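Source file: data25.cif (mmCIF, C-alpha atoms)
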```
data_upload
loop_
_atom_site.label_atom_id
_atom_site.label_comp_id
_atom_site.auth_asym_id
_atom_site.auth_seq_id
_atom_site.Cartn_x
_atom_site.Cartn_y
_atom_site.Cartn_z
CA MET N 28 15.80 172.06 -6.45
CA PRO N 29 16.38 168.57 -5.09
CA MET N 30 16.26 165.91 -7.81
CA ARG N 31 14.18 163.34 -5.97
CA GLU N 32 11.45 165.80 -5.05
CA ALA N 33 11.42 167.14 -8.59
CA VAL N 34 10.88 163.63 -9.92
CA ALA N 35 8.30 162.87 -7.22
CA THR N 36 6.31 165.93 -8.32
CA LEU N 37 6.12 164.49 -11.81
CA ARG N 38 5.15 161.03 -10.53
CA ASP N 39 2.28 162.59 -8.62
CA ALA N 40 1.08 164.57 -11.63
CA ARG N 41 1.26 161.95 -14.39
CA GLY N 42 -2.09 160.82 -15.73
CA PRO N 43 -3.19 157.18 -15.74
CA LYS N 44 -2.94 156.93 -19.53
CA ASP N 45 0.36 158.79 -19.85
CA ILE N 46 3.43 156.99 -21.12
CA VAL N 47 6.52 157.98 -19.12
CA ILE N 48 10.08 157.31 -20.29
CA PRO N 49 12.63 157.86 -17.49
CA SER N 50 16.32 157.55 -18.39
CA MET N 51 19.71 157.66 -16.63
CA GLY N 52 19.59 159.47 -13.27
CA SER N 53 15.91 160.21 -13.54
CA ALA N 54 15.24 156.48 -14.02
CA ARG N 55 17.13 155.75 -10.81
CA GLU N 56 15.05 158.30 -8.91
CA TRP N 57 11.78 157.24 -10.57
CA MET N 58 12.27 153.61 -9.56
CA ALA N 59 13.39 154.55 -6.04
CA LEU N 60 10.09 156.32 -5.44
CA GLY N 61 7.94 153.21 -5.72
CA PRO N 62 6.52 150.62 -8.09
CA VAL N 63 6.56 151.46 -11.77
CA HIS N 64 3.36 151.92 -13.74
CA ASP N 65 2.55 149.55 -16.60
CA LEU N 66 2.95 152.51 -18.95
CA ASP N 67 6.40 153.43 -17.65
CA PHE N 68 9.04 152.52 -20.19
CA ILE N 69 12.19 152.60 -18.06
CA LEU N 70 14.86 153.25 -20.70
CA VAL N 71 17.56 151.18 -19.02
CA PRO N 72 19.70 150.05 -20.78
CA SER N 73 19.86 153.01 -23.13
CA ALA N 74 21.89 154.48 -25.94
CA MET N 75 23.60 157.78 -25.31
CA GLY N 76 21.07 160.60 -25.37
CA HIS N 77 18.29 158.86 -27.26
CA ALA N 78 15.40 159.04 -24.76
CA THR N 79 14.04 162.08 -26.58
CA SER N 80 14.02 160.18 -29.88
CA VAL N 81 12.35 157.08 -28.44
CA GLY N 82 9.76 159.42 -26.97
CA LEU N 83 9.20 161.10 -30.32
CA GLY N 84 8.53 157.75 -31.96
CA LEU N 85 6.09 156.74 -29.25
CA ALA N 86 4.31 160.09 -29.37
CA LEU N 87 3.83 159.78 -33.14
CA ALA N 88 2.58 156.21 -32.88
CA GLN N 89 0.28 156.94 -29.94
CA PRO N 90 -1.17 160.41 -30.63
CA ASP N 91 -3.99 159.97 -28.11
CA ARG N 92 -1.65 159.49 -25.19
CA ARG N 93 0.62 162.03 -23.55
CA VAL N 94 4.25 160.87 -23.70
CA ILE N 95 6.59 162.29 -21.05
CA VAL N 96 10.34 161.87 -21.46
CA LEU N 97 12.75 162.41 -18.56
CA SER N 98 16.25 163.33 -19.70
CA GLY N 99 19.36 164.87 -18.23
CA ASP N 100 21.31 167.79 -19.65
CA GLY N 101 24.28 165.55 -20.43
CA SER N 102 22.02 163.20 -22.37
CA LEU N 103 20.36 166.02 -24.26
CA LEU N 104 23.76 167.40 -25.26
CA MET N 105 24.47 164.06 -26.94
CA ASN N 106 21.35 164.37 -29.12
CA LEU N 107 20.67 168.08 -29.47
CA GLY N 108 19.52 167.59 -33.05
CA SER N 109 16.53 165.71 -31.69
CA LEU N 110 15.07 169.06 -30.62
CA VAL N 111 14.92 170.10 -34.26
CA THR N 112 13.47 166.76 -35.35
CA ILE N 113 10.84 166.99 -32.60
CA SER N 114 9.98 170.52 -33.65
CA ALA N 115 9.64 169.45 -37.28
CA GLU N 116 7.31 166.57 -36.43
CA SER N 117 5.57 168.68 -33.80
CA PRO N 118 3.68 166.03 -31.81
CA ALA N 119 1.23 167.87 -29.57
CA ASN N 120 1.35 165.03 -27.03
CA LEU N 121 5.09 165.01 -26.31
CA VAL N 122 6.60 166.53 -23.14
CA ILE N 123 10.37 166.51 -22.58
CA VAL N 124 11.53 167.21 -19.03
CA VAL N 125 15.23 168.01 -18.80
CA PHE N 126 16.89 167.81 -15.40
CA VAL N 127 19.83 170.19 -15.56
CA ASN N 128 22.60 169.63 -13.01
CA GLY N 129 25.65 170.50 -15.09
CA VAL N 130 27.34 167.13 -14.63
CA TYR N 131 27.41 163.58 -15.93
CA GLU N 132 26.08 162.35 -12.61
CA VAL N 133 26.02 158.59 -13.20
CA THR N 134 29.68 158.47 -14.23
CA GLY N 135 30.98 160.37 -11.22
CA ALA N 136 29.76 163.93 -11.69
CA GLN N 137 32.21 165.10 -14.34
CA VAL N 138 31.15 168.49 -15.68
CA THR N 139 29.22 168.59 -18.96
CA PRO N 140 30.70 170.63 -21.83
CA GLY N 141 29.80 174.27 -21.94
CA PRO N 142 31.20 177.76 -21.67
CA GLU N 143 32.71 178.61 -18.28
CA THR N 144 31.05 181.97 -17.92
CA VAL N 145 27.48 181.39 -19.07
CA PRO N 146 25.49 178.19 -18.46
CA VAL N 147 23.99 176.52 -21.50
CA ASP N 148 20.43 177.80 -21.92
CA TYR N 149 18.41 174.72 -22.82
CA ALA N 150 15.16 176.66 -22.90
CA ALA N 151 16.63 179.02 -25.48
CA LEU N 152 17.97 176.08 -27.50
CA ALA N 153 14.48 174.59 -27.56
CA ARG N 154 12.88 177.85 -28.63
CA ALA N 155 15.50 178.37 -31.31
CA SER N 156 14.73 174.87 -32.57
CA GLY N 157 11.11 175.86 -33.04
CA ILE N 158 9.59 174.38 -29.89
CA GLN N 159 7.10 176.92 -28.63
CA SER N 160 5.90 175.49 -25.31
CA VAL N 161 8.97 175.96 -23.16
CA PHE N 162 9.13 176.27 -19.36
CA ARG N 163 11.95 176.64 -16.88
CA TRP N 164 11.88 176.37 -13.10
CA SER N 165 14.66 176.49 -10.54
CA SER N 166 12.73 176.10 -7.29
CA LEU N 167 10.65 173.14 -6.19
CA ASP N 168 7.75 175.36 -5.18
CA ASP N 169 7.63 176.94 -8.62
CA TRP N 170 7.78 173.51 -10.31
CA ARG N 171 4.94 172.25 -8.14
CA SER N 172 2.91 175.36 -8.96
CA GLY N 173 3.65 175.21 -12.66
CA ILE N 174 3.55 171.54 -13.52
CA ASP N 175 -0.11 171.50 -14.52
CA SER N 176 0.45 174.33 -16.98
CA ALA N 177 3.42 172.50 -18.48
CA LEU N 178 1.66 169.15 -18.81
CA GLY N 179 -1.43 170.85 -20.17
CA ALA N 180 0.33 172.92 -22.80
CA VAL N 181 0.04 172.12 -26.49
CA GLY N 182 3.21 170.27 -27.31
CA PRO N 183 5.79 169.56 -28.16
CA THR N 184 6.77 170.90 -24.76
CA LEU N 185 10.17 171.23 -23.15
CA VAL N 186 10.51 171.74 -19.40
CA VAL N 187 13.88 172.70 -17.96
CA LEU N 188 14.35 171.99 -14.26
CA ASP N 189 17.49 173.20 -12.49
CA VAL N 190 18.36 170.48 -10.01
CA ALA N 191 21.20 169.82 -7.60
CA PRO N 192 23.51 166.90 -8.40
CA VAL N 193 23.04 163.90 -6.13
CA PRO N 194 26.45 163.26 -4.48
CA GLY N 195 27.75 159.74 -5.08
CA ALA N 196 24.72 158.78 -7.16
CA ALA N 197 25.08 155.62 -9.18
CA GLY N 198 23.61 154.80 -12.55
CA PRO N 199 20.18 153.17 -12.72
CA ARG N 200 19.89 149.41 -12.40
CA SER N 201 17.94 147.55 -15.07
CA PRO N 202 14.56 146.55 -13.66
CA GLY N 203 14.46 143.26 -15.58
CA PRO N 204 14.88 141.44 -18.88
CA THR N 205 14.24 143.77 -21.79
CA GLY N 206 12.30 141.30 -23.94
CA GLU N 207 9.73 140.72 -21.20
CA ARG N 208 9.48 144.42 -20.46
CA VAL N 209 8.80 145.18 -24.12
CA LYS N 210 5.97 142.63 -24.18
CA ARG N 211 4.44 143.99 -20.97
CA PHE N 212 4.73 147.58 -22.13
CA MET N 213 3.21 146.94 -25.55
CA ALA N 214 0.37 145.01 -23.93
CA ALA N 215 -0.26 147.97 -21.61
CA VAL N 216 -0.29 150.35 -24.56
CA GLY N 217 -2.72 148.01 -26.27
CA VAL N 218 -0.69 147.06 -29.34
CA ASN N 219 0.76 143.83 -30.58
CA PRO N 220 4.20 143.32 -32.03
CA ILE N 221 4.20 143.94 -35.77
CA PRO N 222 1.89 141.40 -37.39
CA PRO N 223 3.22 139.29 -40.24
CA VAL N 224 2.91 140.58 -43.78
CA SER N 225 -0.08 139.13 -45.54
CA SER N 226 0.92 137.29 -48.68
CA MET W 23 18.82 151.60 -59.12
CA PHE W 24 15.13 151.92 -58.20
CA SER W 25 12.68 154.74 -58.75
CA GLY W 26 10.95 156.59 -55.93
CA PRO W 27 7.49 155.28 -56.93
CA GLN W 28 8.85 151.71 -56.96
CA ILE W 29 10.16 152.09 -53.41
CA ALA W 30 7.00 153.84 -52.21
CA SER W 31 4.86 151.04 -53.62
CA MET W 32 7.04 148.44 -51.92
CA MET W 33 6.76 150.24 -48.58
CA LEU W 34 2.98 150.08 -48.80
CA ASP W 35 3.11 146.40 -49.79
CA LEU W 36 5.26 145.70 -46.72
CA GLY W 37 2.88 147.57 -44.41
CA VAL W 38 5.49 150.18 -43.51
CA THR W 39 3.86 153.18 -41.81
CA HIS W 40 6.90 155.42 -41.18
CA VAL W 41 10.17 155.78 -43.09
CA VAL W 42 12.81 157.39 -40.87
CA THR W 43 15.56 158.81 -43.01
CA VAL W 44 18.63 160.90 -43.71
CA PRO W 45 19.00 161.38 -47.47
CA ASP W 46 21.86 160.87 -49.86
CA SER W 47 21.90 161.42 -53.60
CA THR W 48 20.19 158.08 -54.28
CA ILE W 49 17.82 157.44 -51.40
CA GLY W 50 16.94 161.11 -51.09
CA ALA W 51 14.79 160.83 -54.21
CA TRP W 52 12.97 157.87 -52.68
CA GLY W 53 12.11 159.87 -49.58
CA ASP W 54 10.80 162.70 -51.73
CA ALA W 55 8.59 160.26 -53.68
CA MET W 56 7.07 158.94 -50.46
CA GLU W 57 6.01 162.35 -49.17
CA GLY W 58 2.26 162.81 -49.11
CA ILE W 59 1.32 159.19 -49.71
CA PRO W 60 -1.61 158.29 -47.43
CA GLY W 61 -0.64 155.79 -44.77
CA LEU W 62 3.07 156.44 -45.16
CA GLU W 63 4.91 159.11 -43.16
CA VAL W 64 8.45 160.28 -43.89
CA ILE W 65 10.37 161.39 -40.81
CA ARG W 66 13.51 163.35 -41.62
CA VAL W 67 16.08 163.25 -38.82
CA CYS W 68 19.25 165.23 -38.17
CA ARG W 69 21.60 162.30 -37.73
CA GLU W 70 21.25 158.57 -38.28
CA GLY W 71 21.48 157.43 -34.66
CA GLU W 72 18.23 159.27 -34.06
CA ALA W 73 16.56 157.19 -36.75
CA TRP W 74 16.96 153.90 -34.88
CA ALA W 75 15.68 155.35 -31.61
CA ILE W 76 12.67 156.97 -33.26
CA ALA W 77 11.96 153.73 -35.13
CA GLY W 78 12.17 151.89 -31.80
CA GLY W 79 9.63 154.22 -30.24
CA LEU W 80 7.35 153.86 -33.24
CA TYR W 81 7.53 150.08 -33.01
CA LEU W 82 6.75 150.12 -29.28
CA GLY W 83 3.72 152.25 -30.08
CA GLY W 84 2.39 149.80 -32.64
CA ALA W 85 3.62 151.39 -35.88
CA THR W 86 5.72 149.70 -38.57
CA PRO W 87 8.85 151.77 -39.20
CA LEU W 88 11.74 151.33 -41.62
CA VAL W 89 15.11 153.11 -41.42
CA LEU W 90 16.43 154.49 -44.72
CA ILE W 91 20.03 155.77 -44.56
CA GLN W 92 23.40 155.66 -46.31
CA CYS W 93 26.25 153.41 -45.10
CA THR W 94 28.08 156.44 -43.72
CA GLY W 95 25.08 156.88 -41.43
CA LEU W 96 25.32 153.22 -40.47
CA PHE W 97 28.78 154.00 -39.16
CA GLU W 98 27.31 156.80 -37.06
CA SER W 99 24.45 154.63 -35.81
CA GLY W 100 26.33 152.09 -33.72
CA ASP W 101 25.24 152.86 -30.16
CA ALA W 102 21.65 153.52 -31.14
CA LEU W 103 21.16 150.38 -33.19
CA ARG W 104 22.96 148.31 -30.54
CA ASN W 105 20.44 149.51 -27.98
CA ILE W 106 17.30 149.24 -30.10
CA VAL W 107 18.03 146.07 -32.06
CA HIS W 108 20.08 144.10 -29.53
CA ASP W 109 19.30 145.39 -26.00
CA TRP W 110 15.58 145.80 -26.67
CA LYS W 111 15.35 143.17 -29.42
CA LEU W 112 13.16 145.31 -31.64
CA PRO W 113 13.14 143.94 -35.22
CA ILE W 114 13.68 147.17 -37.11
CA PRO W 115 14.15 146.75 -40.89
CA SER W 116 16.33 149.08 -42.89
CA MET W 117 17.48 149.96 -46.36
CA ILE W 118 21.06 151.19 -46.47
CA GLY W 119 22.73 152.81 -49.48
CA TYR W 120 26.16 151.33 -50.23
CA ARG W 121 28.17 154.33 -51.40
CA SER W 122 30.56 153.87 -54.34
CA TYR W 123 29.81 150.17 -54.75
CA LEU W 124 29.05 150.44 -58.46
CA ASP W 125 31.34 153.32 -59.36
CA GLN W 126 34.42 154.58 -57.56
CA SER W 127 35.25 157.32 -60.06
CA VAL W 128 34.03 160.12 -57.82
CA LEU W 129 35.68 158.82 -54.65
CA PRO W 130 38.55 156.50 -55.66
CA GLY W 131 39.46 154.25 -52.75
CA ASP W 132 36.25 155.09 -50.89
CA THR W 133 36.61 153.33 -47.55
CA CYS W 134 32.87 152.70 -47.48
CA LEU W 135 33.77 149.64 -49.56
CA THR W 136 36.22 148.53 -46.89
CA PHE W 137 34.03 148.90 -43.85
CA THR W 138 30.33 148.60 -44.69
CA GLU W 139 29.94 144.83 -44.77
CA PRO W 140 32.32 144.13 -41.85
CA ILE W 141 30.38 146.67 -39.79
CA LEU W 142 27.08 144.97 -40.63
CA ASP W 143 28.63 141.65 -39.59
CA ALA W 144 29.99 143.20 -36.39
CA TRP W 145 26.55 144.50 -35.45
CA ARG W 146 25.05 141.10 -36.33
CA LEU W 147 22.62 142.58 -38.80
CA PRO W 148 21.44 140.11 -41.45
CA TYR W 149 21.77 141.78 -44.84
CA ARG W 150 21.15 141.17 -48.53
CA LEU W 151 23.34 142.94 -51.08
CA ILE W 152 21.34 144.32 -53.98
CA THR W 153 23.33 145.33 -57.06
CA ALA W 154 20.86 145.43 -59.96
CA PRO W 155 17.50 147.05 -60.72
CA THR W 156 16.09 143.61 -61.47
CA GLN W 157 16.34 142.71 -57.78
CA LEU W 158 13.43 144.78 -56.45
CA ASP W 159 11.33 141.69 -55.79
CA GLU W 160 14.27 140.20 -53.92
CA VAL W 161 14.30 143.23 -51.61
CA ARG W 162 10.57 142.88 -51.02
CA THR W 163 10.81 139.16 -50.30
CA PHE W 164 13.83 139.57 -48.02
CA LEU W 165 12.24 142.32 -45.92
CA ALA W 166 8.88 140.51 -45.77
CA ALA W 167 10.56 137.32 -44.56
CA ALA W 168 12.43 139.25 -41.87
CA ARG W 169 9.21 140.78 -40.68
CA GLN W 170 7.49 137.41 -40.61
CA ALA W 171 10.35 136.11 -38.46
CA ALA W 172 10.42 139.27 -36.30
CA GLN W 173 14.09 139.76 -37.12
CA PRO W 174 16.03 142.88 -38.09
CA ALA W 175 17.16 143.01 -41.71
CA VAL W 176 19.18 145.27 -43.96
CA ALA W 177 18.63 145.60 -47.68
CA LEU W 178 22.05 146.90 -48.73
CA ILE W 179 21.55 148.86 -51.92
CA ALA W 180 24.56 149.37 -54.18
CA GLU W 181 25.00 152.98 -55.24
CA GLY W 182 26.80 154.29 -58.25
CA ARG W 183 28.22 157.53 -57.04
CA ALA W 184 29.04 159.47 -53.91
#
```
The structure given in the file should be rewritten as structure tokens.
Amino acid sequence: MPMREAVATLRDARGPKDIVIPSMGSAREWMALGPVHDLDFILVPSAMGHATSVGLGLALAQPDRRVIVLSGDGSLLMNLGSLVTISAESPANLVIVVFVNGVYEVTGAQVTPGPETVPVDYAALARASGIQSVFRWSSLDDWRSGIDSALGAVGPTLVVLDVAPVPGAAGPRSPGPTGERVKRFMAAVGVNPIPPVSS
Amino acid sequence: MFSGPQIASMMLDLGVTHVVTVPDSTIGAWGDAMEGIPGLEVIRVCREGEAWAIAGGLYLGGATPLVLIQCTGLFESGDALRNIVHDWKLPIPSMIGYRSYLDQSVLPGDTCLTFTEPILDAWRLPYRLITAPTQLDEVRTFLAAARQAAQPAVALIAEGRA
């Protein structure tokens, strides 16, 4: 399915209280589709593959909000162990959406590691890690039809979307100074930076 | 060095809500002692880089995390702590076990002694080296001051064996 439409489907479906964490190519597409929500934490700049872990932390700290992480397959490969950690912590409010295109798109579409004959089965990896709500769609129509069931499932949830690489796509541009974005985001969530220790 | 109950009590004093950890033979006992204490969650991760990113998410969500790892895990953590502590400026505190500092008989020439402190300097992480059981209050004061100043901080805990 086309990446932009896949991301747009998620933008349309997100709830007003949901926290969304786009990263890498999905962050580029998310920002291209319009203004960001106060509860969007655009993970740019990022560390390699850690969107799932940032999302786990947020989901544990904010159990009354749904937290939706957008990751690529290349990013997930860099932090596969996070699937096991997520399964162990088992936050019911965490949804991981993995856009699988088989390449490191933002660095020039080099192929991701994997066997030549059989594509890596991310849904099976998630299930084998203990994640029970797992979905996979390859067509845009099926994703549009199924998204409510995925977002409504008891998490942790992993959604695998087979998408086409975007030719010539660049990496995402930072939407602004990180310190200010942290303050705005935490204010939107309704929390303050850690208060001083009482002594 | 310190007992599990001592560390658990200090975590509660400091207002820590989540300890994100990969164990070693010293700090592993501390993590075990913190399991089941009301108000304190222990999150066991697969690799140390994860710990910083999870701690970052916890902080953004209003929790008070602390990363508890060995120095070998510090070496693994570089990209993650760079992003969380420096890109995003999140003041995540940590306690890091300093392998072989007190006893090199198990691993003579352990290169942890060569690289740990230069790596902390390279990542611009303020740290306090703790070498004796009498220094528990110093750990508490150091981490509390860092929190008050909203700065990252590492309590570097000397370990006696690999």
I'd like the contact shell of Leu152 (chain N) - 9 Å cut-off, all atoms listed in the file, skipping same-chain residues fewer than 6 positions apart - returned as a tab-separated table (two decimals) with C-alpha atoms, in the coordinates of the input.
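Dumped everything to out.tsv:
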```
chain	number	residue	atom	x	y	z
N	107	LEU	CA	20.67	168.08	-29.47
N	110	LEU	CA	15.07	169.06	-30.62
N	158	ILE	CA	9.59	174.38	-29.89
```
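For the residues W:Glu57, W:Asp132, W:Asp109, W:Asp125, ranking by smallest atom-to-atom distance to Ser73 (chain N) using all atoms listed in the file places W:Asp109 first.
Residue nearest chain N within the list W:Leu129, W:Met33, W:Met117, W:Ala73: W:Ala73 [criterion: smallest interatomic distance, only C-alpha atoms].
Here the question is which of N:Thr79, N:Gly99, N:Met28, N:Arg92 gets nearest to Thr112 (chain N) using all atoms listed in the file, and that residue is N:Thr79.
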Output the residue selection produced by the PyMOL selection byres ((chain N and resi 145-148) around 12) on the file above, formatted as a compact mmCIF listing (two decimals) with C-alpha atoms, in the coordinates of the input.
```txt
# COMPACT_ATOMS: atom_id res chain seq x y z
CA ASP N 100 21.31 167.79 -19.65
CA GLY N 101 24.28 165.55 -20.43
CA LEU N 103 20.36 166.02 -24.26
CA LEU N 104 23.76 167.40 -25.26
CA VAL N 125 15.23 168.01 -18.80
CA VAL N 127 19.83 170.19 -15.56
CA ASN N 128 22.60 169.63 -13.01
CA GLY N 129 25.65 170.50 -15.09
CA VAL N 130 27.34 167.13 -14.63
CA VAL N 138 31.15 168.49 -15.68
CA THR N 139 29.22 168.59 -18.96
CA PRO N 140 30.70 170.63 -21.83
CA GLY N 141 29.80 174.27 -21.94
CA PRO N 142 31.20 177.76 -21.67
CA GLU N 143 32.71 178.61 -18.28
CA THR N 144 31.05 181.97 -17.92
CA TYR N 149 18.41 174.72 -22.82
CA ALA N 150 15.16 176.66 -22.90
CA ALA N 151 16.63 179.02 -25.48
CA LEU N 152 17.97 176.08 -27.50
CA ALA N 153 14.48 174.59 -27.56
CA ARG N 154 12.88 177.85 -28.63
CA ALA N 155 15.50 178.37 -31.31
CA VAL N 161 8.97 175.96 -23.16
CA PHE N 162 9.13 176.27 -19.36
CA ARG N 163 11.95 176.64 -16.88
CA VAL N 186 10.51 171.74 -19.40
CA VAL N 187 13.88 172.70 -17.96
CA LEU N 188 14.35 171.99 -14.26
CA ASP N 189 17.49 173.20 -12.49
```
### Task
Within 10 Å of Leu112 (chain W), counting only C-alpha atoms, which residues show up once you throw out same-chain ones fewer than 6 positions away? Write them as a list of chain:residue names, please.
N:Gly206, N:Val209, N:Pro220, N:Ile221, W:Trp74, W:Ala77, W:Gly78, W:Gly79, W:Tyr81, W:Leu82, W:Leu103, W:Asn105, W:Ile106, W:Ala172, W:Gln173, W:Pro174
Output of the PyMOL selection byres ((chain N) within 8 of (chain W)), listed as a PDB file with C-alpha atoms, in the frame of the given file:
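Output saved as result-v1.pdb:
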```pdb
ATOM      1  CA  PRO N  72      19.700 150.050 -20.780  1.00  0.00           C
ATOM      2  CA  SER N  73      19.860 153.010 -23.130  1.00  0.00           C
ATOM      3  CA  ALA N  74      21.890 154.480 -25.940  1.00  0.00           C
ATOM      4  CA  MET N  75      23.600 157.780 -25.310  1.00  0.00           C
ATOM      5  CA  HIS N  77      18.290 158.860 -27.260  1.00  0.00           C
ATOM      6  CA  ALA N  78      15.400 159.040 -24.760  1.00  0.00           C
ATOM      7  CA  SER N  80      14.020 160.180 -29.880  1.00  0.00           C
ATOM      8  CA  VAL N  81      12.350 157.080 -28.440  1.00  0.00           C
ATOM      9  CA  GLY N  82       9.760 159.420 -26.970  1.00  0.00           C
ATOM     10  CA  LEU N  83       9.200 161.100 -30.320  1.00  0.00           C
ATOM     11  CA  GLY N  84       8.530 157.750 -31.960  1.00  0.00           C
ATOM     12  CA  LEU N  85       6.090 156.740 -29.250  1.00  0.00           C
ATOM     13  CA  ALA N  86       4.310 160.090 -29.370  1.00  0.00           C
ATOM     14  CA  LEU N  87       3.830 159.780 -33.140  1.00  0.00           C
ATOM     15  CA  ALA N  88       2.580 156.210 -32.880  1.00  0.00           C
ATOM     16  CA  GLN N  89       0.280 156.940 -29.940  1.00  0.00           C
ATOM     17  CA  ASN N 106      21.350 164.370 -29.120  1.00  0.00           C
ATOM     18  CA  GLY N 108      19.520 167.590 -33.050  1.00  0.00           C
ATOM     19  CA  SER N 109      16.530 165.710 -31.690  1.00  0.00           C
ATOM     20  CA  VAL N 111      14.920 170.100 -34.260  1.00  0.00           C
ATOM     21  CA  THR N 112      13.470 166.760 -35.350  1.00  0.00           C
ATOM     22  CA  GLU N 116       7.310 166.570 -36.430  1.00  0.00           C
ATOM     23  CA  THR N 205      14.240 143.770 -21.790  1.00  0.00           C
ATOM     24  CA  GLY N 206      12.300 141.300 -23.940  1.00  0.00           C
ATOM     25  CA  VAL N 209       8.800 145.180 -24.120  1.00  0.00           C
ATOM     26  CA  PHE N 212       4.730 147.580 -22.130  1.00  0.00           C
ATOM     27  CA  MET N 213       3.210 146.940 -25.550  1.00  0.00           C
ATOM     28  CA  VAL N 216      -0.290 150.350 -24.560  1.00  0.00           C
ATOM     29  CA  VAL N 218      -0.690 147.060 -29.340  1.00  0.00           C
ATOM     30  CA  ASN N 219       0.760 143.830 -30.580  1.00  0.00           C
ATOM     31  CA  PRO N 220       4.200 143.320 -32.030  1.00  0.00           C
ATOM     32  CA  ILE N 221       4.200 143.940 -35.770  1.00  0.00           C
ATOM     33  CA  PRO N 222       1.890 141.400 -37.390  1.00  0.00           C
ATOM     34  CA  PRO N 223       3.220 139.290 -40.240  1.00  0.00           C
ATOM     35  CA  VAL N 224       2.910 140.580 -43.780  1.00  0.00           C
TER      36      VAL N 224
END
```
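Going from CA of Pro204 (chain N) to CA of Val71 (chain N) covers 10.1 Å.
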### Query
Counting all atoms listed in the file, which of N:Ser98, N:Thr184, N:Gln137, N:Ser165 gets nearest to Ile113 (chain N)?
N:Thr184
### Message
Report as a PyMOL selection string all protein, DNA and RNA residues lying within 7 Å of Leu178 (chain W), evaluated on only C-alpha atoms, omitting residues in the same chain fewer than 6 positions from it.
### Response
chain W and resi 117-120+149-152
